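Structure file coords_18.txt; described as compact mmCIF, N, CA and C atoms.
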```
# COMPACT_ATOMS: atom_id res chain seq x y z
N MET Y 1 35.98 25.98 3.56
CA MET Y 1 34.99 25.28 4.35
C MET Y 1 34.23 24.29 3.43
N SER Y 2 34.12 23.08 3.84
CA SER Y 2 33.42 22.08 3.03
C SER Y 2 31.91 22.20 3.26
N PRO Y 3 31.13 21.86 2.22
CA PRO Y 3 29.67 21.94 2.38
C PRO Y 3 29.20 20.92 3.41
N PRO Y 4 28.12 21.25 4.12
CA PRO Y 4 27.63 20.30 5.13
C PRO Y 4 27.16 19.01 4.46
N GLY Y 5 27.41 17.91 5.11
CA GLY Y 5 26.97 16.63 4.59
C GLY Y 5 25.48 16.43 4.83
N VAL Y 6 24.93 15.47 4.17
CA VAL Y 6 23.52 15.14 4.36
C VAL Y 6 23.41 14.24 5.58
N ARG Y 7 22.57 14.65 6.51
CA ARG Y 7 22.36 13.83 7.70
C ARG Y 7 21.56 12.59 7.32
N ARG Y 8 21.84 11.49 7.97
CA ARG Y 8 21.11 10.25 7.70
C ARG Y 8 19.61 10.44 7.93
N ALA Y 9 19.24 11.17 8.96
CA ALA Y 9 17.82 11.41 9.26
C ALA Y 9 17.13 12.13 8.10
N ASP Y 10 17.82 13.11 7.49
CA ASP Y 10 17.24 13.83 6.36
C ASP Y 10 17.06 12.90 5.15
N PHE Y 11 18.06 12.06 4.91
CA PHE Y 11 17.97 11.10 3.81
C PHE Y 11 16.81 10.13 4.03
N LEU Y 12 16.69 9.62 5.25
CA LEU Y 12 15.62 8.67 5.56
C LEU Y 12 14.24 9.32 5.40
N MET Y 13 14.13 10.58 5.82
CA MET Y 13 12.85 11.29 5.67
C MET Y 13 12.49 11.46 4.20
N ALA Y 14 13.47 11.79 3.37
CA ALA Y 14 13.20 11.95 1.94
C ALA Y 14 12.76 10.61 1.34
N LEU Y 15 13.42 9.54 1.72
CA LEU Y 15 13.05 8.21 1.24
C LEU Y 15 11.66 7.82 1.72
N ALA Y 16 11.37 8.08 2.99
CA ALA Y 16 10.06 7.77 3.54
C ALA Y 16 8.96 8.59 2.86
N TYR Y 17 9.23 9.85 2.60
CA TYR Y 17 8.25 10.73 1.94
C TYR Y 17 7.96 10.22 0.53
N ALA Y 18 9.00 9.85 -0.20
CA ALA Y 18 8.80 9.32 -1.56
C ALA Y 18 7.99 8.03 -1.52
N THR Y 19 8.26 7.19 -0.53
CA THR Y 19 7.50 5.94 -0.40
C THR Y 19 6.04 6.22 -0.04
N ASP Y 20 5.80 7.21 0.83
CA ASP Y 20 4.42 7.60 1.15
C ASP Y 20 3.67 7.96 -0.12
N LEU Y 21 4.27 8.76 -0.96
CA LEU Y 21 3.62 9.18 -2.20
C LEU Y 21 3.40 8.01 -3.15
N ALA Y 22 4.39 7.13 -3.25
CA ALA Y 22 4.31 6.00 -4.18
C ALA Y 22 3.30 4.94 -3.75
N THR Y 23 3.02 4.86 -2.45
CA THR Y 23 2.10 3.83 -1.97
C THR Y 23 0.71 4.38 -1.67
N GLY Y 24 0.48 5.66 -1.96
CA GLY Y 24 -0.85 6.22 -1.78
C GLY Y 24 -1.17 6.65 -0.37
N HIS Y 25 -0.18 6.67 0.50
CA HIS Y 25 -0.42 7.16 1.86
C HIS Y 25 -0.56 8.67 1.83
N SER Y 26 -1.10 9.21 2.90
CA SER Y 26 -1.19 10.66 3.01
C SER Y 26 0.21 11.24 3.18
N ARG Y 27 0.32 12.52 2.86
CA ARG Y 27 1.62 13.19 2.99
C ARG Y 27 2.07 13.12 4.45
N ASP Y 28 3.32 12.86 4.66
CA ASP Y 28 3.94 12.79 5.99
C ASP Y 28 3.42 11.64 6.86
N PHE Y 29 2.87 10.60 6.24
CA PHE Y 29 2.39 9.44 6.98
C PHE Y 29 3.51 8.83 7.82
N ALA Y 30 4.66 8.63 7.20
CA ALA Y 30 5.79 8.02 7.92
C ALA Y 30 6.27 8.93 9.05
N LEU Y 31 6.31 10.22 8.79
CA LEU Y 31 6.75 11.15 9.83
C LEU Y 31 5.80 11.12 11.03
N ARG Y 32 4.51 11.13 10.77
CA ARG Y 32 3.54 11.08 11.87
C ARG Y 32 3.66 9.75 12.63
N SER Y 33 3.88 8.67 11.91
CA SER Y 33 4.06 7.36 12.56
C SER Y 33 5.31 7.38 13.44
N CYS Y 34 6.36 8.02 12.94
CA CYS Y 34 7.62 8.10 13.68
C CYS Y 34 7.43 8.93 14.96
N VAL Y 35 6.77 10.07 14.84
CA VAL Y 35 6.54 10.92 16.01
C VAL Y 35 5.71 10.17 17.05
N LEU Y 36 4.67 9.50 16.60
CA LEU Y 36 3.82 8.74 17.52
C LEU Y 36 4.61 7.62 18.21
N GLY Y 37 5.41 6.89 17.42
CA GLY Y 37 6.23 5.83 17.99
C GLY Y 37 7.22 6.35 19.01
N MET Y 38 7.82 7.50 18.73
CA MET Y 38 8.78 8.08 19.68
C MET Y 38 8.09 8.56 20.94
N ARG Y 39 6.87 9.07 20.82
CA ARG Y 39 6.13 9.48 22.01
C ARG Y 39 5.79 8.27 22.88
N PHE Y 40 5.39 7.17 22.25
CA PHE Y 40 5.13 5.94 23.00
C PHE Y 40 6.41 5.48 23.70
N ALA Y 41 7.52 5.56 22.98
CA ALA Y 41 8.80 5.14 23.57
C ALA Y 41 9.15 6.00 24.79
N ASP Y 42 8.87 7.30 24.71
CA ASP Y 42 9.10 8.19 25.86
C ASP Y 42 8.26 7.78 27.06
N VAL Y 43 6.97 7.58 26.80
CA VAL Y 43 6.06 7.21 27.89
C VAL Y 43 6.46 5.88 28.51
N ALA Y 44 6.91 4.96 27.67
CA ALA Y 44 7.31 3.64 28.17
C ALA Y 44 8.69 3.65 28.80
N GLY Y 45 9.42 4.74 28.65
CA GLY Y 45 10.76 4.83 29.24
C GLY Y 45 11.76 3.88 28.61
N LEU Y 46 11.66 3.69 27.31
CA LEU Y 46 12.54 2.73 26.62
C LEU Y 46 13.96 3.28 26.48
N ASP Y 47 14.92 2.37 26.40
CA ASP Y 47 16.33 2.76 26.29
C ASP Y 47 16.64 3.32 24.90
N HIS Y 48 17.82 3.92 24.77
CA HIS Y 48 18.25 4.59 23.54
C HIS Y 48 18.24 3.66 22.33
N ASP Y 49 18.77 2.46 22.46
CA ASP Y 49 18.84 1.52 21.32
C ASP Y 49 17.45 1.12 20.84
N THR Y 50 16.54 0.88 21.76
CA THR Y 50 15.17 0.51 21.38
C THR Y 50 14.49 1.69 20.71
N ARG Y 51 14.69 2.88 21.25
CA ARG Y 51 14.10 4.08 20.64
C ARG Y 51 14.64 4.28 19.22
N ARG Y 52 15.91 4.00 19.02
CA ARG Y 52 16.52 4.15 17.70
C ARG Y 52 15.88 3.16 16.70
N ARG Y 53 15.64 1.94 17.15
CA ARG Y 53 15.00 0.94 16.28
C ARG Y 53 13.56 1.37 15.94
N ILE Y 54 12.86 1.91 16.93
CA ILE Y 54 11.49 2.39 16.69
C ILE Y 54 11.50 3.51 15.66
N TYR Y 55 12.43 4.43 15.80
CA TYR Y 55 12.56 5.55 14.87
C TYR Y 55 12.74 5.05 13.44
N HIS Y 56 13.70 4.15 13.24
CA HIS Y 56 13.98 3.64 11.90
C HIS Y 56 12.82 2.79 11.36
N GLN Y 57 12.24 1.98 12.20
CA GLN Y 57 11.12 1.13 11.75
C GLN Y 57 9.94 1.99 11.29
N ALA Y 58 9.62 3.02 12.05
CA ALA Y 58 8.49 3.88 11.70
C ALA Y 58 8.74 4.60 10.38
N LEU Y 59 9.95 5.05 10.15
CA LEU Y 59 10.25 5.76 8.90
C LEU Y 59 10.34 4.82 7.70
N LEU Y 60 10.85 3.63 7.92
CA LEU Y 60 11.17 2.75 6.79
C LEU Y 60 10.24 1.57 6.61
N ARG Y 61 9.15 1.52 7.34
CA ARG Y 61 8.33 0.31 7.31
C ARG Y 61 7.72 0.00 5.95
N TYR Y 62 7.54 0.98 5.09
CA TYR Y 62 6.97 0.71 3.78
C TYR Y 62 8.00 0.74 2.65
N ILE Y 63 9.28 0.86 2.98
CA ILE Y 63 10.30 0.85 1.94
C ILE Y 63 10.23 -0.51 1.24
N GLY Y 64 10.18 -0.48 -0.05
CA GLY Y 64 10.07 -1.72 -0.82
C GLY Y 64 8.64 -2.09 -1.14
N CYS Y 65 7.68 -1.48 -0.44
CA CYS Y 65 6.27 -1.80 -0.72
C CYS Y 65 5.82 -1.23 -2.05
N ASN Y 66 6.64 -0.40 -2.65
CA ASN Y 66 6.29 0.12 -3.97
C ASN Y 66 7.06 -0.61 -5.07
N ALA Y 67 7.71 -1.72 -4.71
CA ALA Y 67 8.49 -2.48 -5.68
C ALA Y 67 7.61 -3.10 -6.76
N ASP Y 68 6.34 -3.32 -6.45
CA ASP Y 68 5.44 -3.93 -7.43
C ASP Y 68 4.53 -2.90 -8.10
N THR Y 69 4.84 -1.63 -7.94
CA THR Y 69 3.98 -0.57 -8.49
C THR Y 69 3.80 -0.72 -9.99
N HIS Y 70 4.85 -1.05 -10.70
CA HIS Y 70 4.73 -1.19 -12.16
C HIS Y 70 3.75 -2.31 -12.53
N LEU Y 71 3.70 -3.37 -11.73
CA LEU Y 71 2.75 -4.45 -12.00
C LEU Y 71 1.32 -4.02 -11.71
N LEU Y 72 1.14 -3.34 -10.58
CA LEU Y 72 -0.20 -2.85 -10.24
C LEU Y 72 -0.69 -1.86 -11.29
N ALA Y 73 0.19 -0.98 -11.73
CA ALA Y 73 -0.19 0.01 -12.73
C ALA Y 73 -0.57 -0.67 -14.04
N ALA Y 74 0.16 -1.70 -14.41
CA ALA Y 74 -0.13 -2.41 -15.66
C ALA Y 74 -1.48 -3.12 -15.61
N HIS Y 75 -1.85 -3.65 -14.44
CA HIS Y 75 -3.08 -4.41 -14.33
C HIS Y 75 -4.28 -3.61 -13.86
N TRP Y 76 -4.05 -2.56 -13.07
CA TRP Y 76 -5.17 -1.82 -12.47
C TRP Y 76 -5.23 -0.36 -12.88
N SER Y 77 -4.30 0.10 -13.67
CA SER Y 77 -4.23 1.48 -14.14
C SER Y 77 -3.88 2.45 -13.02
N ASP Y 78 -4.78 2.68 -12.07
CA ASP Y 78 -4.55 3.65 -11.00
C ASP Y 78 -4.14 2.93 -9.72
N GLU Y 79 -2.87 2.57 -9.64
CA GLU Y 79 -2.40 1.78 -8.50
C GLU Y 79 -2.38 2.58 -7.20
N ILE Y 80 -2.22 3.88 -7.29
CA ILE Y 80 -2.17 4.69 -6.06
C ILE Y 80 -3.54 4.71 -5.39
N THR Y 81 -4.59 4.89 -6.18
CA THR Y 81 -5.94 4.85 -5.61
C THR Y 81 -6.23 3.47 -5.04
N LEU Y 82 -5.84 2.42 -5.76
CA LEU Y 82 -6.07 1.07 -5.26
C LEU Y 82 -5.35 0.85 -3.93
N ARG Y 83 -4.09 1.26 -3.83
CA ARG Y 83 -3.35 1.10 -2.57
C ARG Y 83 -4.01 1.89 -1.44
N ARG Y 84 -4.42 3.12 -1.75
CA ARG Y 84 -5.06 3.96 -0.74
C ARG Y 84 -6.33 3.29 -0.23
N GLU Y 85 -7.12 2.74 -1.13
CA GLU Y 85 -8.36 2.07 -0.72
C GLU Y 85 -8.07 0.79 0.07
N LEU Y 86 -7.04 0.06 -0.30
CA LEU Y 86 -6.69 -1.17 0.42
C LEU Y 86 -6.31 -0.89 1.86
N HIS Y 87 -5.73 0.28 2.12
CA HIS Y 87 -5.33 0.63 3.48
C HIS Y 87 -6.52 0.89 4.39
N HIS Y 88 -7.69 1.10 3.81
CA HIS Y 88 -8.86 1.48 4.61
C HIS Y 88 -9.88 0.36 4.79
N ILE Y 89 -9.54 -0.83 4.35
CA ILE Y 89 -10.48 -1.94 4.53
C ILE Y 89 -9.87 -3.02 5.39
N ASP Y 90 -10.73 -3.87 5.91
CA ASP Y 90 -10.30 -5.06 6.64
C ASP Y 90 -10.10 -6.16 5.60
N MET Y 91 -8.84 -6.51 5.33
CA MET Y 91 -8.56 -7.50 4.28
C MET Y 91 -9.17 -8.86 4.57
N GLY Y 92 -9.51 -9.12 5.81
CA GLY Y 92 -10.16 -10.37 6.16
C GLY Y 92 -11.67 -10.35 5.91
N ASN Y 93 -12.21 -9.18 5.62
CA ASN Y 93 -13.63 -9.04 5.36
C ASN Y 93 -13.85 -9.21 3.85
N ARG Y 94 -14.32 -10.38 3.46
CA ARG Y 94 -14.46 -10.72 2.05
C ARG Y 94 -15.38 -9.74 1.32
N ALA Y 95 -16.48 -9.32 1.96
CA ALA Y 95 -17.42 -8.39 1.31
C ALA Y 95 -16.75 -7.05 1.02
N GLU Y 96 -15.99 -6.52 1.98
CA GLU Y 96 -15.28 -5.25 1.75
C GLU Y 96 -14.27 -5.39 0.62
N PHE Y 97 -13.54 -6.50 0.63
CA PHE Y 97 -12.52 -6.71 -0.40
C PHE Y 97 -13.15 -6.82 -1.78
N VAL Y 98 -14.22 -7.59 -1.89
CA VAL Y 98 -14.88 -7.75 -3.19
C VAL Y 98 -15.44 -6.41 -3.67
N GLU Y 99 -16.04 -5.65 -2.77
CA GLU Y 99 -16.57 -4.34 -3.12
C GLU Y 99 -15.47 -3.42 -3.66
N LEU Y 100 -14.31 -3.44 -3.00
CA LEU Y 100 -13.19 -2.64 -3.46
C LEU Y 100 -12.71 -3.09 -4.84
N MET Y 101 -12.62 -4.39 -5.04
CA MET Y 101 -12.15 -4.90 -6.34
C MET Y 101 -13.14 -4.57 -7.45
N VAL Y 102 -14.43 -4.60 -7.14
CA VAL Y 102 -15.43 -4.23 -8.15
C VAL Y 102 -15.25 -2.76 -8.54
N ARG Y 103 -15.03 -1.89 -7.54
CA ARG Y 103 -14.77 -0.47 -7.84
C ARG Y 103 -13.53 -0.32 -8.71
N ALA Y 104 -12.48 -1.06 -8.38
CA ALA Y 104 -11.24 -0.98 -9.15
C ALA Y 104 -11.45 -1.45 -10.58
N LEU Y 105 -12.22 -2.52 -10.75
CA LEU Y 105 -12.51 -3.00 -12.10
C LEU Y 105 -13.34 -1.99 -12.89
N LYS Y 106 -14.30 -1.36 -12.23
CA LYS Y 106 -15.11 -0.33 -12.90
C LYS Y 106 -14.24 0.83 -13.36
N ARG Y 107 -13.29 1.22 -12.51
CA ARG Y 107 -12.37 2.30 -12.91
C ARG Y 107 -11.52 1.88 -14.10
N LYS Y 108 -11.00 0.66 -14.01
CA LYS Y 108 -10.10 0.20 -15.08
C LYS Y 108 -10.81 0.11 -16.42
N PHE Y 109 -12.04 -0.38 -16.40
CA PHE Y 109 -12.75 -0.61 -17.66
C PHE Y 109 -13.79 0.45 -17.99
N ALA Y 110 -13.74 1.58 -17.31
CA ALA Y 110 -14.68 2.66 -17.61
C ALA Y 110 -14.48 3.08 -19.07
N GLY Y 111 -15.55 3.06 -19.82
CA GLY Y 111 -15.49 3.47 -21.22
C GLY Y 111 -14.95 2.41 -22.16
N ALA Y 112 -14.65 1.22 -21.65
CA ALA Y 112 -14.12 0.16 -22.53
C ALA Y 112 -15.24 -0.37 -23.42
N PRO Y 113 -14.92 -0.73 -24.66
CA PRO Y 113 -15.93 -1.31 -25.54
C PRO Y 113 -16.38 -2.68 -25.04
N PRO Y 114 -17.60 -3.08 -25.34
CA PRO Y 114 -18.12 -4.37 -24.86
C PRO Y 114 -17.21 -5.56 -25.18
N GLN Y 115 -16.57 -5.55 -26.34
CA GLN Y 115 -15.67 -6.65 -26.73
C GLN Y 115 -14.54 -6.80 -25.70
N GLU Y 116 -13.94 -5.68 -25.28
CA GLU Y 116 -12.85 -5.73 -24.31
C GLU Y 116 -13.33 -6.22 -22.95
N LEU Y 117 -14.53 -5.80 -22.56
CA LEU Y 117 -15.09 -6.27 -21.29
C LEU Y 117 -15.34 -7.76 -21.32
N GLU Y 118 -15.85 -8.23 -22.42
CA GLU Y 118 -16.15 -9.66 -22.54
C GLU Y 118 -14.87 -10.50 -22.47
N GLU Y 119 -13.80 -10.00 -23.06
CA GLU Y 119 -12.53 -10.71 -23.01
C GLU Y 119 -11.88 -10.64 -21.63
N ALA Y 120 -12.13 -9.55 -20.90
CA ALA Y 120 -11.50 -9.35 -19.60
C ALA Y 120 -12.16 -10.17 -18.50
N VAL Y 121 -13.46 -10.36 -18.61
CA VAL Y 121 -14.19 -11.08 -17.56
C VAL Y 121 -14.69 -12.40 -18.15
N PRO Y 122 -14.10 -13.50 -17.71
CA PRO Y 122 -14.50 -14.80 -18.27
C PRO Y 122 -15.94 -15.14 -17.88
N ARG Y 123 -16.57 -15.87 -18.72
CA ARG Y 123 -17.95 -16.30 -18.44
C ARG Y 123 -17.96 -17.21 -17.22
N ARG Y 124 -19.06 -17.18 -16.51
CA ARG Y 124 -19.20 -18.02 -15.31
C ARG Y 124 -19.23 -19.48 -15.72
N ARG Y 125 -18.47 -20.27 -15.00
CA ARG Y 125 -18.43 -21.71 -15.25
C ARG Y 125 -19.34 -22.40 -14.24
N PRO Y 126 -19.82 -23.57 -14.57
CA PRO Y 126 -20.55 -24.34 -13.56
C PRO Y 126 -19.64 -24.61 -12.37
N ALA Y 127 -20.21 -24.63 -11.17
CA ALA Y 127 -19.44 -24.75 -9.93
C ALA Y 127 -18.46 -25.92 -9.96
N GLY Y 128 -18.81 -27.01 -10.58
CA GLY Y 128 -17.94 -28.18 -10.62
C GLY Y 128 -16.67 -27.98 -11.40
N GLU Y 129 -16.61 -26.95 -12.24
CA GLU Y 129 -15.42 -26.71 -13.07
C GLU Y 129 -14.36 -25.87 -12.36
N TYR Y 130 -14.69 -25.31 -11.20
CA TYR Y 130 -13.72 -24.49 -10.48
C TYR Y 130 -12.86 -25.38 -9.58
N PRO Y 131 -11.59 -25.02 -9.39
CA PRO Y 131 -10.75 -25.78 -8.45
C PRO Y 131 -11.31 -25.67 -7.04
N ASP Y 132 -11.01 -26.64 -6.19
CA ASP Y 132 -11.49 -26.64 -4.81
C ASP Y 132 -11.15 -25.33 -4.08
N SER Y 133 -9.95 -24.78 -4.34
CA SER Y 133 -9.54 -23.56 -3.65
C SER Y 133 -10.45 -22.39 -3.98
N VAL Y 134 -10.98 -22.34 -5.18
CA VAL Y 134 -11.88 -21.26 -5.59
C VAL Y 134 -13.28 -21.52 -5.05
N ARG Y 135 -13.73 -22.76 -5.10
CA ARG Y 135 -15.07 -23.09 -4.59
C ARG Y 135 -15.18 -22.81 -3.10
N ALA Y 136 -14.07 -22.92 -2.37
CA ALA Y 136 -14.10 -22.69 -0.91
C ALA Y 136 -14.38 -21.23 -0.58
N LEU Y 137 -14.14 -20.33 -1.52
CA LEU Y 137 -14.40 -18.91 -1.26
C LEU Y 137 -15.88 -18.69 -1.16
```
Encoding of this model in structure tokens:
Amino acid sequence: MSPPGVRRADFLMALAYATDLATGHSRDFALRSCVLGMRFADVAGLDHDTRRRIYHQALLRYIGCNADTHLLAAHWSDEITLRRELHHIDMGNRAEFVELMVRALKRKFAGAPPQELEEAVPRRRPAGEYPDSVRAL
């Protein structure tokens, strides 16, 4: 008797779970999203093919979102906390975003010597020296 093969659904769940962990989501985030999506599909009476697409989209929607983890880790140290915090703010709300980035910078440079802080944060320039795109912020 040959050993049972790995079902595609089991493989996708393992991949989704690993992505949840790598992107700072709560455990089983993708699974809960999938269950919710399938319940909506039931209520809406959607056909089999549409339900199948919903299932895969819910499980795999963040696949690849951890492709830049090494860059975030290099620049922000704790990329998982940063990702988790980013999921809880309105990215269009400039005040929330700036507050989050200030917290991230404080974490990154906690305990850093003054010399390193001075090199990391450039001195303020007169407004006329900033590009138009920065001044518009």
Quick one, how far is atom N of Leu46 in chain Y from atom N of Phe29 in chain Y?
23.9 Å
With only C-alpha atoms as the atoms that count, which of Y:Ile80, Y:Leu12, Y:Ile54, Y:Ala112 lies nearest to Val35 in chain Y?
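Closest residue, counting only C-alpha atoms: Y:Ile54.
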Taking into account all atoms listed in the file, which residue in the set Y:Ala120, Y:Thr23, Y:Asp78, Y:Arg53 is nearest to Arg107 in chain Y?
Y:Asp78
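Proximity ranking of Y:His87, Y:Glu118, Y:Thr69, Y:Phe109 relative to Ala22 in chain Y places Y:Thr69 first, based on all atoms listed in the file.
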Interatomic distance (Å, one decimal) between atom C of Ala104 in chain Y and CA of Ile63 in chain Y
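Interatomic distance, atom C of Ala104 in chain Y to CA of Ile63 in chain Y: 25.2 Å.
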Mind checking which residues fall within 12 Å of Asp42 in chain Y, counting only C-alpha atoms, ignoring those fewer than 4 positions away in the same chain, and posting them as an NGL selection string?
:Y and (35-38 or 46-48 or 50-52 or 54-55)
Every residue of range 12-102 of chain Y that DSSP places in helix (DSSP H, G or I), as a PyMOL selection string
chain Y and resi 12-22+29-44+48-60+69-76+79-86+94-102
So how far away is atom C of Lys108 in chain Y from atom C of Trp76 in chain Y, in Å?
6.6 Å
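If only C-alpha atoms are the atoms counted, then among Y:Met91, Y:Val6, Y:Ala14, Y:Leu100 the closest residue to Leu59 in chain Y is Y:Ala14.
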Only N, CA and C atoms, as a PDB file, in the first residue's frame: that is what I want for range 27-40 of chain Y.
```
ATOM      1  N   ARG Y  27      -2.462  33.918  14.506  1.00  0.00           N
ATOM      2  CA  ARG Y  27      -2.469  32.519  14.084  1.00  0.00           C
ATOM      3  C   ARG Y  27      -3.817  32.190  13.437  1.00  0.00           C
ATOM      4  N   ASP Y  28      -3.791  31.459  12.370  1.00  0.00           N
ATOM      5  CA  ASP Y  28      -4.984  31.028  11.635  1.00  0.00           C
ATOM      6  C   ASP Y  28      -5.773  32.173  10.995  1.00  0.00           C
ATOM      7  N   PHE Y  29      -5.124  33.300  10.742  1.00  0.00           N
ATOM      8  CA  PHE Y  29      -5.779  34.431  10.091  1.00  0.00           C
ATOM      9  C   PHE Y  29      -6.346  34.015   8.734  1.00  0.00           C
ATOM     10  N   ALA Y  30      -5.532  33.337   7.940  1.00  0.00           N
ATOM     11  CA  ALA Y  30      -5.980  32.924   6.604  1.00  0.00           C
ATOM     12  C   ALA Y  30      -7.120  31.916   6.701  1.00  0.00           C
ATOM     13  N   LEU Y  31      -7.025  31.002   7.650  1.00  0.00           N
ATOM     14  CA  LEU Y  31      -8.090  30.013   7.803  1.00  0.00           C
ATOM     15  C   LEU Y  31      -9.410  30.683   8.179  1.00  0.00           C
ATOM     16  N   ARG Y  32      -9.366  31.619   9.109  1.00  0.00           N
ATOM     17  CA  ARG Y  32     -10.590  32.330   9.497  1.00  0.00           C
ATOM     18  C   ARG Y  32     -11.144  33.132   8.319  1.00  0.00           C
ATOM     19  N   SER Y  33     -10.269  33.746   7.547  1.00  0.00           N
ATOM     20  CA  SER Y  33     -10.709  34.492   6.359  1.00  0.00           C
ATOM     21  C   SER Y  33     -11.373  33.549   5.359  1.00  0.00           C
ATOM     22  N   CYS Y  34     -10.804  32.370   5.208  1.00  0.00           N
ATOM     23  CA  CYS Y  34     -11.338  31.379   4.273  1.00  0.00           C
ATOM     24  C   CYS Y  34     -12.725  30.910   4.728  1.00  0.00           C
ATOM     25  N   VAL Y  35     -12.855  30.595   6.011  1.00  0.00           N
ATOM     26  CA  VAL Y  35     -14.146  30.145   6.532  1.00  0.00           C
ATOM     27  C   VAL Y  35     -15.202  31.233   6.347  1.00  0.00           C
ATOM     28  N   LEU Y  36     -14.839  32.469   6.660  1.00  0.00           N
ATOM     29  CA  LEU Y  36     -15.779  33.581   6.504  1.00  0.00           C
ATOM     30  C   LEU Y  36     -16.185  33.757   5.037  1.00  0.00           C
ATOM     31  N   GLY Y  37     -15.200  33.704   4.143  1.00  0.00           N
ATOM     32  CA  GLY Y  37     -15.490  33.829   2.713  1.00  0.00           C
ATOM     33  C   GLY Y  37     -16.400  32.728   2.215  1.00  0.00           C
ATOM     34  N   MET Y  38     -16.175  31.505   2.687  1.00  0.00           N
ATOM     35  CA  MET Y  38     -17.016  30.381   2.263  1.00  0.00           C
ATOM     36  C   MET Y  38     -18.430  30.512   2.821  1.00  0.00           C
ATOM     37  N   ARG Y  39     -18.567  31.048   4.022  1.00  0.00           N
ATOM     38  CA  ARG Y  39     -19.904  31.267   4.573  1.00  0.00           C
ATOM     39  C   ARG Y  39     -20.656  32.325   3.762  1.00  0.00           C
ATOM     40  N   PHE Y  40     -19.960  33.390   3.380  1.00  0.00           N
ATOM     41  CA  PHE Y  40     -20.582  34.405   2.523  1.00  0.00           C
ATOM     42  C   PHE Y  40     -21.008  33.777   1.193  1.00  0.00           C
TER      43      PHE Y  40
END
```
